[in-house]
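Peer 1: Below is upload.cif; it holds mmCIF, C-alpha atoms.
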data_final
#
loop_
_atom_site.label_atom_id
_atom_site.label_comp_id
_atom_site.auth_asym_id
_atom_site.auth_seq_id
_atom_site.Cartn_x
_atom_site.Cartn_y
_atom_site.Cartn_z
CA MET A 147 8.45 -25.14 -15.98
CA MET A 148 9.58 -21.47 -16.12
CA LYS A 149 10.83 -21.87 -19.68
CA LYS A 150 7.56 -23.55 -20.70
CA VAL A 151 5.45 -20.72 -19.29
CA PHE A 152 7.71 -18.15 -20.86
CA ASP A 153 7.64 -19.84 -24.29
CA ALA A 154 3.86 -20.19 -24.14
CA VAL A 155 3.15 -16.53 -23.36
CA ILE A 156 5.83 -14.90 -25.48
CA GLY A 157 4.20 -16.15 -28.67
CA LEU A 158 0.76 -14.70 -27.89
CA ASP A 159 -0.67 -11.76 -29.81
CA GLY A 160 0.21 -8.36 -28.36
CA VAL A 161 2.92 -9.68 -26.01
CA SER A 162 6.18 -7.77 -26.34
CA GLY A 163 8.12 -9.38 -23.52
CA ALA A 164 7.97 -11.46 -20.36
CA MET A 165 10.05 -12.41 -17.37
CA ILE A 166 9.75 -14.32 -14.13
CA LEU A 167 10.79 -12.76 -10.82
CA ASP A 168 11.10 -13.98 -7.27
CA GLU A 169 9.49 -12.16 -4.37
CA GLU A 170 12.51 -9.90 -3.85
CA GLY A 171 12.50 -8.70 -7.45
CA ARG A 172 15.41 -10.85 -8.64
CA SER A 173 15.17 -12.43 -12.07
CA ALA A 174 14.30 -16.11 -11.94
CA TYR A 175 14.00 -16.36 -15.72
CA ASP A 176 14.64 -13.31 -17.85
CA PRO A 177 16.22 -14.23 -21.20
CA LEU A 178 15.23 -10.87 -22.73
CA ARG A 179 16.87 -8.99 -19.85
CA LEU A 180 13.87 -6.80 -19.15
CA ASN A 181 14.33 -6.52 -15.40
CA LYS A 182 15.17 -2.88 -14.73
CA MET A 183 14.72 -2.99 -10.99
CA GLU A 184 17.89 -2.01 -9.19
CA THR A 185 16.97 -2.98 -5.65
CA GLY A 186 13.66 -4.80 -5.91
CA ARG A 187 12.28 -2.37 -3.35
CA GLU A 188 9.47 -1.14 -5.58
CA TRP A 189 8.58 -4.69 -6.44
CA MET A 190 8.39 -5.79 -2.82
CA GLN A 191 6.18 -2.83 -2.01
CA LEU A 192 3.78 -3.92 -4.70
CA ILE A 193 3.54 -7.63 -3.98
CA HIS A 194 3.45 -7.14 -0.24
CA SER A 195 0.82 -4.42 -0.33
CA ASP A 196 -2.29 -5.41 1.56
CA ALA A 197 -4.60 -5.62 -1.42
CA PHE A 198 -2.21 -7.41 -3.81
CA PRO A 199 -4.25 -10.05 -5.66
CA LYS A 200 -3.29 -13.31 -7.32
CA GLU A 201 -3.52 -11.67 -10.70
CA LEU A 202 -2.98 -8.00 -11.53
CA ASP A 203 -3.39 -6.29 -14.85
CA LEU A 204 -2.03 -2.73 -14.96
CA VAL A 205 -2.87 -0.50 -17.91
CA PHE A 206 -0.57 2.50 -18.28
CA LYS A 207 -0.52 5.31 -20.80
CA LYS A 208 2.26 3.69 -22.82
CA GLY A 209 2.06 0.01 -21.96
CA ARG A 210 0.37 -2.76 -20.08
CA LEU A 211 1.82 -5.02 -17.42
CA TYR A 212 0.22 -8.34 -16.52
CA ILE A 213 1.42 -9.85 -13.24
CA ARG A 214 0.53 -13.37 -12.23
CA GLU A 215 1.51 -15.25 -9.08
CA LEU A 216 2.96 -18.67 -9.91
CA GLY A 217 3.62 -20.38 -6.58
CA ALA A 218 6.59 -18.60 -5.04
CA LEU A 219 7.41 -16.80 -8.30
CA TYR A 220 5.75 -14.10 -10.39
CA LEU A 221 5.22 -13.91 -14.12
CA LEU A 222 5.38 -10.41 -15.64
CA VAL A 223 4.15 -9.94 -19.19
CA PHE A 224 4.62 -6.71 -21.16
CA MET A 225 1.97 -5.71 -23.69
CA ALA A 226 0.53 -2.79 -25.59
CA PRO A 227 -2.21 -0.94 -23.64
CA ASP A 228 -5.03 -2.23 -25.84
CA SER A 229 -3.90 -5.87 -26.09
CA PRO A 230 -6.48 -8.55 -25.22
CA VAL A 231 -5.52 -10.53 -22.16
CA ALA A 232 -8.01 -13.42 -22.37
CA SER A 233 -5.68 -15.86 -24.12
CA LEU A 234 -2.82 -14.93 -21.81
CA LYS A 235 -4.96 -15.60 -18.76
CA LEU A 236 -6.12 -18.92 -20.19
CA THR A 237 -2.54 -19.99 -20.90
CA CYS A 238 -1.51 -19.19 -17.32
CA ASP A 239 -4.57 -20.99 -15.95
CA LEU A 240 -3.62 -24.13 -17.87
CA PHE A 241 -0.08 -24.11 -16.50
CA GLU A 242 -1.33 -23.55 -13.02
CA GLN A 243 -3.83 -26.40 -13.17
CA GLU A 244 -1.41 -28.96 -14.59
CA PRO A 245 2.13 -28.12 -13.57
CA ASP A 246 4.55 -30.53 -15.25
CA LYS A 247 1.84 -33.17 -15.57
CA PRO A 248 2.61 -35.80 -18.24
CA SER A 249 0.25 -36.00 -21.15
CA PRO A 250 -2.34 -38.86 -21.23
CA ARG A 251 -0.37 -40.44 -24.08
CA LYS A 252 2.84 -40.41 -22.02
CA ARG A 253 1.02 -41.82 -19.02
CA PHE A 254 -0.31 -44.68 -21.15
CA PHE A 255 3.16 -45.63 -22.42
CA ASN A 256 4.57 -45.31 -18.93
CA LEU A 257 2.52 -48.36 -17.99
CA PHE A 258 4.73 -50.49 -20.25
CA SER A 259 8.05 -49.01 -19.31
CA MET B 260 -2.32 4.58 22.55
CA LEU B 261 1.17 4.85 21.05
CA THR B 262 2.14 1.80 19.05
CA PHE B 263 5.67 0.53 18.45
CA LEU B 264 6.42 -1.95 15.71
CA LEU B 265 9.04 -4.68 15.97
CA PHE B 266 9.80 -6.69 12.82
CA THR B 267 11.53 -9.87 13.95
CA ASP B 268 11.07 -13.60 14.29
CA ASP B 269 13.48 -13.86 17.21
CA PRO B 270 11.48 -15.07 20.24
CA ALA B 271 14.17 -13.92 22.68
CA LEU B 272 14.16 -10.36 21.36
CA ARG B 273 10.40 -10.34 21.28
CA TYR B 274 10.14 -11.52 24.89
CA ALA B 275 12.70 -8.99 26.08
CA VAL B 276 10.96 -6.09 24.38
CA GLU B 277 7.51 -7.17 25.54
CA THR B 278 8.81 -7.20 29.08
CA LEU B 279 10.26 -3.72 28.65
CA VAL B 280 7.10 -2.09 27.35
CA SER B 281 4.61 -3.81 29.65
CA GLY B 282 2.85 -1.42 31.98
CA ARG B 283 4.05 1.69 30.12
CA GLY B 284 0.86 2.40 28.22
CA ILE B 285 2.41 1.39 24.93
CA SER B 286 1.02 -1.07 22.46
CA LEU B 287 3.71 -3.28 20.92
CA ALA B 288 3.07 -4.90 17.55
CA VAL B 289 5.52 -7.72 16.80
CA THR B 290 5.48 -9.57 13.51
CA PRO B 291 7.82 -11.74 11.44
CA SER B 292 5.75 -11.07 8.33
CA TYR B 293 6.81 -8.29 5.97
CA ARG B 294 3.31 -7.98 4.58
CA GLU B 295 1.81 -7.69 8.05
CA ALA B 296 4.44 -5.12 9.04
CA MET B 297 3.54 -2.96 6.04
CA ALA B 298 -0.15 -3.31 6.85
CA LEU B 299 0.52 -2.25 10.46
CA VAL B 300 2.39 0.84 9.25
CA GLU B 301 -0.57 1.75 7.08
CA GLN B 302 -3.31 0.92 9.57
CA LYS B 303 -1.89 1.88 12.96
CA CYS B 304 -0.44 5.11 14.22
CA ILE B 305 3.07 3.70 14.61
CA ALA B 306 5.51 5.96 16.45
CA LEU B 307 8.64 3.81 16.25
CA ALA B 308 9.51 0.95 13.93
CA ALA B 309 12.40 -1.43 14.54
CA ALA B 310 13.49 -4.02 11.99
CA ASP B 311 15.77 -6.94 12.74
CA VAL B 312 18.08 -6.54 9.74
CA SER B 313 20.32 -9.42 10.72
CA ARG B 314 17.54 -11.97 10.32
CA PHE B 315 15.74 -10.09 7.52
CA PRO B 316 18.48 -8.20 5.66
CA GLY B 317 16.53 -7.41 2.48
CA LYS B 318 13.04 -7.08 3.84
CA GLY B 319 14.13 -5.24 6.98
CA ARG B 320 15.90 -2.49 5.03
CA THR B 321 13.10 -2.29 2.48
CA LEU B 322 10.57 -1.86 5.26
CA LEU B 323 12.59 0.98 6.81
CA GLU B 324 13.00 2.67 3.44
CA TYR B 325 9.29 2.34 2.79
CA ILE B 326 8.50 3.97 6.14
CA ALA B 327 11.05 6.73 5.51
CA GLU B 328 9.36 7.54 2.24
CA GLN B 329 5.71 7.17 3.22
CA SER B 330 5.77 8.24 6.87
CA PRO B 331 8.95 10.15 7.66
CA ASP B 332 7.62 11.10 11.08
CA ILE B 333 8.03 7.50 12.28
CA ARG B 334 11.37 6.93 13.93
CA ARG B 335 13.20 3.97 12.41
CA LEU B 336 15.66 1.56 13.94
CA ALA B 337 17.77 -1.12 12.32
CA LEU B 338 18.63 -3.83 14.82
CA SER B 339 21.70 -5.93 14.14
CA PRO B 340 24.25 -7.83 16.26
CA THR B 341 27.12 -6.33 14.25
CA PRO B 342 27.78 -2.66 13.52
CA LEU B 343 26.24 -1.49 10.27
CA ASN B 344 28.13 0.76 7.90
CA ASP B 345 26.60 3.51 5.81
CA ALA B 346 26.68 1.41 2.65
CA GLU B 347 24.36 -1.09 4.28
CA LEU B 348 21.73 1.53 4.99
CA SER B 349 20.11 3.51 2.23
CA PRO B 350 20.06 7.30 2.43
CA GLY B 351 17.05 8.67 4.27
CA VAL B 352 16.85 5.78 6.71
CA ASP B 353 17.44 7.13 10.17
CA ALA B 354 18.67 3.93 11.73
CA THR B 355 20.39 3.08 14.95
CA ARG B 356 23.38 0.80 14.60
CA VAL B 357 23.59 -1.74 17.31
CA GLY B 358 26.59 -3.67 18.60
CA GLU B 359 26.71 -6.98 20.43
CA PRO B 360 24.70 -7.88 22.46
CA TYR B 361 21.93 -6.36 20.44
CA GLY B 362 18.25 -6.03 21.02
CA ALA B 363 16.41 -5.22 24.16
CA THR B 364 18.68 -2.65 25.77
CA VAL B 365 19.00 -0.58 22.64
CA PHE B 366 15.33 -0.85 21.95
CA ARG B 367 14.57 0.39 25.45
CA GLN B 368 16.88 3.37 24.99
CA ALA B 369 15.25 4.21 21.69
CA MET B 370 11.81 3.73 23.17
CA ASP B 371 12.54 5.98 26.14
CA SER B 372 13.97 8.70 23.93
CA GLU B 373 11.07 8.36 21.53
CA ILE B 374 8.47 8.68 24.29
CA ASN B 375 10.24 11.80 25.54
CA CYS B 376 10.50 13.12 22.01
CA ILE B 377 6.92 12.39 20.96
CA SER B 378 5.44 14.09 23.98
CA GLY B 379 8.21 16.67 24.34
CA GLY B 380 5.76 19.48 23.61
CA GLY B 381 3.23 18.17 26.12
CA THR B 382 0.18 15.95 26.06
CA MET B 383 -3.48 16.96 26.04
CA SER B 384 -6.45 14.78 26.97
CA ASN B 385 -10.00 15.03 25.66
CA VAL B 386 -9.50 18.09 23.50
CA SER B 387 -11.19 18.91 20.24
CA PRO B 388 -8.67 18.28 17.41
CA HIS B 389 -10.03 21.02 15.14
CA LEU B 390 -10.02 23.66 17.88
CA PHE B 391 -6.50 22.67 18.84
CA ALA B 392 -5.42 22.82 15.19
CA GLN B 393 -6.80 26.37 14.89
CA LEU B 394 -4.83 27.34 17.98
CA LEU B 395 -1.63 26.01 16.42
CA GLU B 396 -2.39 27.92 13.24
CA MET B 397 -2.84 31.19 15.16
CA GLU B 398 0.42 30.65 17.03
CA GLY B 399 2.27 29.69 13.84
CA ARG B 400 3.60 26.56 15.51
CA THR B 401 5.82 23.92 13.92
CA CYS B 402 5.16 20.52 15.42
CA ILE B 403 3.95 16.97 14.85
CA LEU B 404 0.81 15.75 16.62
CA ARG B 405 -0.12 12.14 17.36
CA VAL B 406 -3.87 12.26 17.79
CA PHE B 407 -5.93 9.43 19.30
CA ASP B 408 -9.71 9.47 19.05
CA SER B 409 -11.25 9.25 22.56
CA ARG B 410 -14.15 7.16 21.30
CA THR B 411 -12.48 4.53 19.14
CA THR B 412 -8.80 4.92 20.22
CA ASN B 413 -7.85 5.06 16.52
CA GLY B 414 -4.73 7.12 16.01
CA GLY B 415 -3.44 9.47 13.32
CA MET B 416 -0.79 12.10 12.73
CA LEU B 417 -1.00 15.81 11.85
CA ALA B 418 2.06 17.89 11.00
CA PHE B 419 2.19 21.72 11.16
CA ARG B 420 4.86 23.96 9.69
CA ASN B 421 4.69 27.60 10.77
CA GLY B 422 1.03 27.15 11.61
CA LYS B 423 0.14 25.54 8.29
CA LEU B 424 -1.14 21.98 8.18
CA VAL B 425 1.28 20.26 5.77
CA ALA B 426 0.78 16.52 6.31
CA ALA B 427 -1.60 14.03 7.83
CA ARG B 428 -1.73 10.29 8.14
CA PHE B 429 -4.61 8.02 9.07
CA GLN B 430 -4.67 4.41 7.93
CA THR B 431 -4.34 4.26 4.14
CA LEU B 432 -6.20 7.49 3.38
CA ALA B 433 -4.68 10.19 1.21
CA PRO B 434 -3.25 13.07 3.33
CA MET B 435 -6.19 15.39 2.69
CA ASP B 436 -8.76 12.70 3.54
CA ALA B 437 -6.73 11.71 6.60
CA ALA B 438 -6.72 15.32 7.86
CA CYS B 439 -10.49 15.58 7.39
CA ARG B 440 -11.03 12.35 9.26
CA ILE B 441 -8.82 13.30 12.23
CA LEU B 442 -10.23 16.81 12.53
CA ALA B 443 -13.76 15.37 12.56
CA TRP B 444 -13.14 13.54 15.82
CA GLU B 445 -15.15 14.97 18.70
CA THR B 446 -12.40 14.71 21.31
CA ALA B 447 -8.96 13.17 21.30
CA ASP B 448 -5.77 12.64 23.27
CA ILE B 449 -2.90 14.53 21.66
CA PHE B 450 0.86 14.04 21.97
CA ILE B 451 2.79 17.10 20.83
CA GLN B 452 6.26 16.64 19.37
CA ASN B 453 8.35 19.77 18.90
CA ALA B 454 9.83 18.70 15.58
CA GLU B 455 9.49 19.65 11.96
CA PHE B 456 7.97 17.19 9.50
CA SER B 457 10.88 16.09 7.31
CA GLY B 458 8.88 15.22 4.19
CA GLU B 459 7.59 17.63 1.57
CA ASP B 460 4.20 19.33 2.00
CA ARG B 461 1.40 16.89 1.24
CA ILE B 462 -1.54 19.19 1.93
CA ARG B 463 -2.06 22.41 0.00
CA GLU B 464 -5.44 23.61 1.24
CA ASP B 465 -5.79 26.01 4.12
CA LEU B 466 -6.92 24.78 7.50
CA GLN B 467 -10.33 26.49 7.44
CA SER B 468 -11.48 24.73 4.30
CA ILE B 469 -10.24 21.39 5.65
CA ILE B 470 -12.19 21.97 8.86
CA MET B 471 -15.29 22.76 6.81
CA LYS B 472 -14.94 19.49 4.97
CA SER B 473 -14.34 17.59 8.18
CA ALA B 474 -17.51 19.13 9.62
CA HIS B 475 -19.39 17.84 6.59
CA LEU B 476 -17.85 14.45 7.20
CA LYS B 477 -18.93 14.55 10.83
CA ASP B 478 -22.51 15.33 9.79
CA GLU B 479 -22.47 12.37 7.44
CA ALA B 480 -21.17 10.11 10.17
CA GLN B 481 -23.88 11.27 12.57
CA ASP B 482 -26.56 10.62 9.98
CA ALA B 483 -25.49 7.02 9.65
CA ALA B 484 -24.90 4.90 12.75
CA PRO B 485 -22.59 3.06 12.93
CA PRO B 486 -20.38 5.49 11.01
CA PRO B 487 -19.94 4.29 7.44
CA GLU B 488 -16.32 3.18 7.08
CA PRO B 489 -15.49 2.54 3.46
CA ARG B 490 -17.71 4.56 1.16
CA ALA B 491 -19.90 7.39 2.39
CA ALA B 492 -17.41 8.61 4.97
CA ALA B 493 -14.42 8.11 2.75
CA HIS B 494 -15.05 10.92 0.31
CA PRO B 495 -15.10 14.19 2.15
CA ALA B 496 -13.20 16.16 -0.45
CA ALA B 497 -15.84 17.10 -3.01
CA PRO B 498 -18.94 14.90 -2.89
CA GLU B 499 -20.78 16.38 -5.87
CA LYS B 500 -17.76 16.20 -8.12
CA GLN B 501 -16.95 12.65 -7.04
CA GLN B 502 -20.50 11.49 -7.53
CA SER B 503 -20.53 13.01 -10.96
CA PHE B 504 -17.35 11.15 -11.93
CA ALA B 505 -18.77 7.81 -10.82
CA GLY B 506 -22.08 8.73 -12.40
CA ARG B 507 -20.49 9.76 -15.68
CA LEU B 508 -18.44 6.58 -15.79
CA LYS B 509 -21.55 4.50 -15.11
CA GLN B 510 -23.41 6.30 -17.88
CA HIS B 511 -20.54 5.67 -20.26
CA LEU B 512 -20.45 1.95 -19.40
CA ASP B 513 -24.25 1.63 -19.64
CA ALA B 514 -24.13 3.18 -23.09
CA ASP B 515 -21.23 1.03 -24.29
CA PRO B 516 -22.25 -0.86 -27.44
CA GLY B 517 -20.47 -3.93 -26.09
CA ASN B 518 -23.42 -4.41 -23.70
CA LEU B 519 -21.22 -4.70 -20.62
CA GLN B 520 -22.82 -6.85 -17.95
CA GLY B 521 -21.71 -7.77 -14.48
CA ILE B 522 -20.72 -4.45 -12.90
CA ALA B 523 -21.82 -4.88 -9.30
CA ASP B 524 -20.93 -1.44 -7.97
CA ILE B 525 -18.98 1.75 -8.66
CA PHE B 526 -17.74 3.79 -5.73
CA HIS B 527 -14.92 5.99 -4.48
CA ASN B 528 -12.51 3.93 -2.46
CA PRO B 529 -9.35 5.36 -0.85
CA GLY B 530 -8.67 1.83 0.44
CA ASP B 531 -6.94 1.03 -2.86
CA ASP B 532 -4.52 3.96 -2.63
CA GLY B 533 -1.63 1.81 -1.37
CA LEU B 534 -1.98 -0.67 -4.24
CA ILE B 535 -2.29 2.19 -6.73
CA ARG B 536 0.86 3.91 -5.46
CA ALA B 537 2.85 0.67 -5.69
CA SER B 538 1.42 -0.05 -9.16
CA GLN B 539 2.39 3.40 -10.40
CA THR B 540 5.95 2.74 -9.26
CA MET B 541 6.07 -0.22 -11.66
CA GLY B 542 5.01 2.10 -14.48
CA ASP B 543 7.87 4.43 -13.57
CA VAL B 544 10.41 1.59 -13.45
CA PHE B 545 9.47 0.24 -16.88
CA GLY B 546 8.80 3.61 -18.55
CA PHE B 547 5.11 3.00 -19.13
CA GLY B 548 4.00 6.42 -17.92
CA ARG B 549 0.94 7.19 -15.87
CA LEU B 550 -1.26 4.39 -14.53
CA LYS B 551 -4.70 4.66 -16.10
CA LEU B 552 -6.43 1.70 -14.48
CA GLY B 553 -5.81 -1.67 -12.91
CA TYR B 554 -7.68 -4.94 -12.91
CA ALA B 555 -7.24 -7.14 -9.85
CA ASP B 556 -8.47 -10.70 -9.57
CA ASP B 557 -7.87 -12.75 -6.44
CA GLY B 558 -9.59 -15.84 -7.76
CA SER B 559 -12.93 -15.29 -6.06
CA ALA B 560 -13.66 -11.65 -6.91
CA ALA B 561 -12.50 -9.12 -9.45
CA LYS B 562 -12.38 -5.36 -9.48
CA VAL B 563 -11.15 -2.44 -11.53
CA PHE B 564 -9.42 0.44 -9.77
CA ILE B 565 -8.87 3.88 -11.24
CA PRO B 566 -6.35 6.31 -9.70
CA GLY B 567 -7.69 9.68 -8.64
CA SER B 568 -8.33 11.81 -5.67
CA PRO B 569 -10.02 9.80 -4.35
CA SER B 570 -9.58 6.63 -6.36
CA THR B 571 -12.55 4.80 -7.81
CA THR B 572 -13.32 1.08 -7.65
CA LEU B 573 -15.66 -1.03 -9.76
CA THR B 574 -16.55 -4.42 -8.30
CA LEU B 575 -17.32 -7.02 -10.95
CA ASN B 576 -18.99 -10.38 -11.01
CA ALA B 577 -18.13 -13.36 -13.18
CA GLN B 578 -20.34 -12.24 -16.11
CA CYS B 579 -18.31 -9.11 -16.72
CA PRO B 580 -16.14 -9.37 -19.87
CA ARG B 581 -12.65 -8.47 -18.75
CA ASP B 582 -11.17 -7.17 -21.97
CA GLY B 583 -14.41 -5.35 -22.79
CA ILE B 584 -14.59 -3.37 -19.58
CA ILE B 585 -10.89 -2.53 -19.56
CA ARG B 586 -11.06 -1.28 -23.16
CA SER B 587 -14.19 0.75 -22.47
CA ILE B 588 -12.78 2.44 -19.36
CA TYR B 589 -9.44 3.06 -21.09
CA ARG B 590 -11.26 4.86 -23.91
CA TYR B 591 -13.30 6.87 -21.44
CA LEU B 592 -10.18 8.00 -19.56
CA ASP B 593 -8.26 8.80 -22.72
#
What does this structure look like when you write it as structure tokens?
Peer 2:
Amino acid sequence: MMKKVFDAVIGLDGVSGAMILDEEGRSAYDPLRLNKMETGREWMQLIHSDAFPKELDLVFKKGRLYIRELGALYLLVFMAPDSPVASLKLTCDLFEQEPDKPSPRKRFFNLFS
Amino acid sequence: MLTFLLFTDDPALRYAVETLVSGRGISLAVTPSYREAMALVEQKCIALAAADVSRFPGKGRTLLEYIAEQSPDIRRLALSPTPLNDAELSPGVDATRVGEPYGATVFRQAMDSEINCISGGGTMSNVSPHLFAQLLEMEGRTCILRVFDSRTTNGGMLAFRNGKLVAARFQTLAPMDAACRILAWETADIFIQNAEFSGEDRIREDLQSIIMKSAHLKDEAQDAAPPPEPRAAAHPAAPEKQQSFAGRLKQHLDADPGNLQGIADIFHNPGDDGLIRASQTMGDVFGFGRLKLGYADDGSAAKVFIPGSPSTTLTLNAQCPRDGIIRSIYRYLD
């Protein structure tokens, strides 16, 4: 599941990197080794802040960070400040709606197996 | 009323501490939730925070570090059945190491010493906070005040160094806004602690100008009953300037050729300051520089927040094009 989400978002326009963290800031899936958090303290302060939403899009002077809650994990996507986020959001929505669900074709053939 | 925070999920420790504080005029907030503990630190005037680091090793220490950084006036305790060495506690965390059997006895000792410490300089009932602050300024006092509004019992903190107001805390407001809010209270109960605020100065303006602004805030509150909590009362610093920023931003968005629809409201909102601070930290960690804006979507509602003093929030409905509004605001701020 984590690899699927990662592979889906990393190929989108404007995306320069992605990783998946747990709630204490540890890497759950980080093949590009982007996690620079030493203690996870800053991360915990963010996700446990009172107003932390399901989806957060932070636009900085030199980059953009898209954070999406995926069950008990969090997807972080790195982008340029002016990158469009619509396709990224749609991709995440699709994964959230149908986690690991077999395709209709697979389901059909499963009837005969 | 003084509030003590206990971060644990141990029912035995909770029961023991509740028994200890009952009848002592202290409010005890006990929670096993890290998020709730952080919210309590931001919302309540906590005087002592204890974290059970044996049951919550990561979150307990992080909570204490967070308090040390944000509210260094709050005394912090790490509760553990085994002795803790220095390596287990980050620098800046003033923690008590506890041996077996841990818990209630140590907490009581800390609580007793904290009560003595917090009110070591005396307590005052039903006094005007701004008059009392002026007195401290004249005397050049160095102390920390826990101030509790007589009307609402809300509590806040003011810190003086050589007669100068250097820090204030009230809920999630920025220090300057917090000072204005506390000094606007008609009467309050005040606990005086003869201690120096250990953090750096967070307020630069002189007391007289802060009192002027708090008087303006009080007038606003009297004009509107019940007192307006989030918007009108939350921007005492420079109303004309703030209005012009929101107004200018609105004008810019109205004139955007992308025909941006779906902006429900634009207002100054210090309530997002905690989220903005934590978001900026992410920018520092990943070398992205200064936070320009954020877009938050909790599934049912969306908003844009813009850092500032005070910060600004735009509430959006479903018609608002996300990329369009972010791009437009980014250009405006550039």
Peer 1: Work out how far atom CA of B:Asp556 is from atom CA of A:Leu204, in Å to one decimal.
Peer 2: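 These two atoms are separated by 11.6 Å.
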Peer 1: With chain B as the partner and 10 Å as the cut-off, tabulate the residues of chain A that qualify, each row holding the nearest pair of atoms and their distance in Å to one decimal, using only C-alpha atoms, sorted by chain and rising number, as a Markdown table.
Peer 2:
| residue | atom | partner | partner_atom | distance |
| --- | --- | --- | --- | --- |
| A:Glu170 | CA | B:Gly317 | CA | 7.9 |
| A:Leu180 | CA | B:Phe545 | CA | 8.6 |
| A:Asn181 | CA | B:Phe545 | CA | 8.5 |
| A:Lys182 | CA | B:Val544 | CA | 6.7 |
| A:Met183 | CA | B:Val544 | CA | 6.8 |
| A:Glu184 | CA | B:Val544 | CA | 9.3 |
| A:Thr185 | CA | B:Thr321 | CA | 9.0 |
| A:Gly186 | CA | B:Thr321 | CA | 8.8 |
| A:Arg187 | CA | B:Thr321 | CA | 5.9 |
| A:Glu188 | CA | B:Thr540 | CA | 6.4 |
| A:Trp189 | CA | B:Met541 | CA | 7.3 |
| A:Met190 | CA | B:Thr321 | CA | 7.9 |
| A:Gln191 | CA | B:Ala537 | CA | 6.1 |
| A:Leu192 | CA | B:Ala537 | CA | 4.8 |
| A:Ile193 | CA | B:Ala537 | CA | 8.5 |
| A:His194 | CA | B:Arg294 | CA | 4.9 |
| A:Ser195 | CA | B:Leu534 | CA | 6.1 |
| A:Asp196 | CA | B:Ala298 | CA | 6.1 |
| A:Ala197 | CA | B:Leu534 | CA | 6.3 |
| A:Phe198 | CA | B:Leu534 | CA | 6.8 |
| A:Pro199 | CA | B:Asp557 | CA | 4.6 |
| A:Lys200 | CA | B:Asp557 | CA | 4.7 |
| A:Glu201 | CA | B:Asp556 | CA | 5.2 |
| A:Leu202 | CA | B:Ala555 | CA | 4.7 |
| A:Asp203 | CA | B:Tyr554 | CA | 4.9 |
| A:Leu204 | CA | B:Gly553 | CA | 4.4 |
| A:Val205 | CA | B:Leu552 | CA | 5.4 |
| A:Phe206 | CA | B:Leu550 | CA | 4.3 |
| A:Lys207 | CA | B:Gly548 | CA | 5.5 |
| A:Lys208 | CA | B:Phe547 | CA | 4.7 |
| A:Gly209 | CA | B:Phe547 | CA | 5.1 |
| A:Arg210 | CA | B:Phe547 | CA | 7.5 |
| A:Leu211 | CA | B:Gly542 | CA | 8.3 |
| A:Tyr212 | CA | B:Tyr554 | CA | 9.3 |
| A:Ile213 | CA | B:Ala555 | CA | 9.7 |
| A:Arg214 | CA | B:Asp556 | CA | 9.8 |
| A:Phe224 | CA | B:Phe545 | CA | 9.5 |
| A:Ala226 | CA | B:Phe547 | CA | 9.8 |
| A:Pro227 | CA | B:Tyr589 | CA | 8.6 |
| A:Asp228 | CA | B:Arg586 | CA | 6.7 |
| A:Ser229 | CA | B:Asp582 | CA | 8.5 |
| A:Pro230 | CA | B:Asp582 | CA | 5.9 |
| A:Val231 | CA | B:Asp582 | CA | 6.6 |
| A:Ala232 | CA | B:Asp582 | CA | 7.0 |
Peer 1: Could you state which residues are captured by the PyMOL selection byres ((chain B and resi 464-470) around 8) in this file, as a tab-separated table (two decimals) with C-alpha atoms, in the frame of the given file?
Peer 2:
chain	number	residue	atom	x	y	z
B	389	HIS	CA	-10.03	21.02	15.14
B	393	GLN	CA	-6.80	26.37	14.89
B	396	GLU	CA	-2.39	27.92	13.24
B	423	LYS	CA	0.14	25.54	8.29
B	424	LEU	CA	-1.14	21.98	8.18
B	435	MET	CA	-6.19	15.39	2.69
B	438	ALA	CA	-6.72	15.32	7.86
B	439	CYS	CA	-10.49	15.58	7.39
B	442	LEU	CA	-10.23	16.81	12.53
B	443	ALA	CA	-13.76	15.37	12.56
B	462	ILE	CA	-1.54	19.19	1.93
B	463	ARG	CA	-2.06	22.41	0.00
B	471	MET	CA	-15.29	22.76	6.81
B	472	LYS	CA	-14.94	19.49	4.97
B	473	SER	CA	-14.34	17.59	8.18
B	474	ALA	CA	-17.51	19.13	9.62
Peer 1: If you measure from atom CA of B:Ala306 to atom CA of B:Leu323, what distance in Å do you get, rounded to one decimal?
Peer 2: 13.0 Å
Peer 1: Within 7 Å of B:Ile377, counting all atoms listed in the file, which residues show up once you throw out same-chain ones fewer than 5 positions away? Write them as a list of chain:residue names, please.
Peer 2: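 Close residues of B:Ile377: B:Phe450, B:Ile451, B:Gln452.
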Peer 1: Please, what distance in Å, to one decimal, runs between atom CA of B:Gly415 and atom CA of B:Ala309?
Peer 2: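 Separating atom CA of B:Gly415 from atom CA of B:Ala309 is a distance of 19.3 Å.
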Peer 1: Give me the residues within 12 Å of B:Leu508 as a ChimeraX atom specification, counting only C-alpha atoms and dropping any in the same chain fewer than 2 places off.
Peer 2: /B:501-506,510-515,522,524-527,565,571-573,584,587-592
Peer 1: Determine the nearest neighbour of B:Arg367 from the options B:Asp436, B:Asp311, B:Glu277, B:Asp332, counting all atoms listed in the file.
Peer 2: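 The answer is B:Glu277, which sits nearest to B:Arg367.
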Peer 1: When distances are computed from only C-alpha atoms, which of A:Val223, A:Met147, A:Gly217, A:Gly160 shows the smallest separation from A:Leu178?
Peer 2: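 Of all the options, A:Val223 lies closest to A:Leu178.
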Peer 1: Which residues would end up in the selection if the PyMOL selection byres ((chain A and resi 151) around 12) were applied here, given that I need the answer as JSON, numbers by chain?
Peer 2: {"A": [147, 148, 149, 150, 152, 153, 154, 155, 156, 157, 158, 164, 165, 166, 175, 176, 214, 216, 219, 220, 221, 222, 223, 234, 235, 236, 237, 238, 239, 240, 241, 242, 244, 245, 246]}
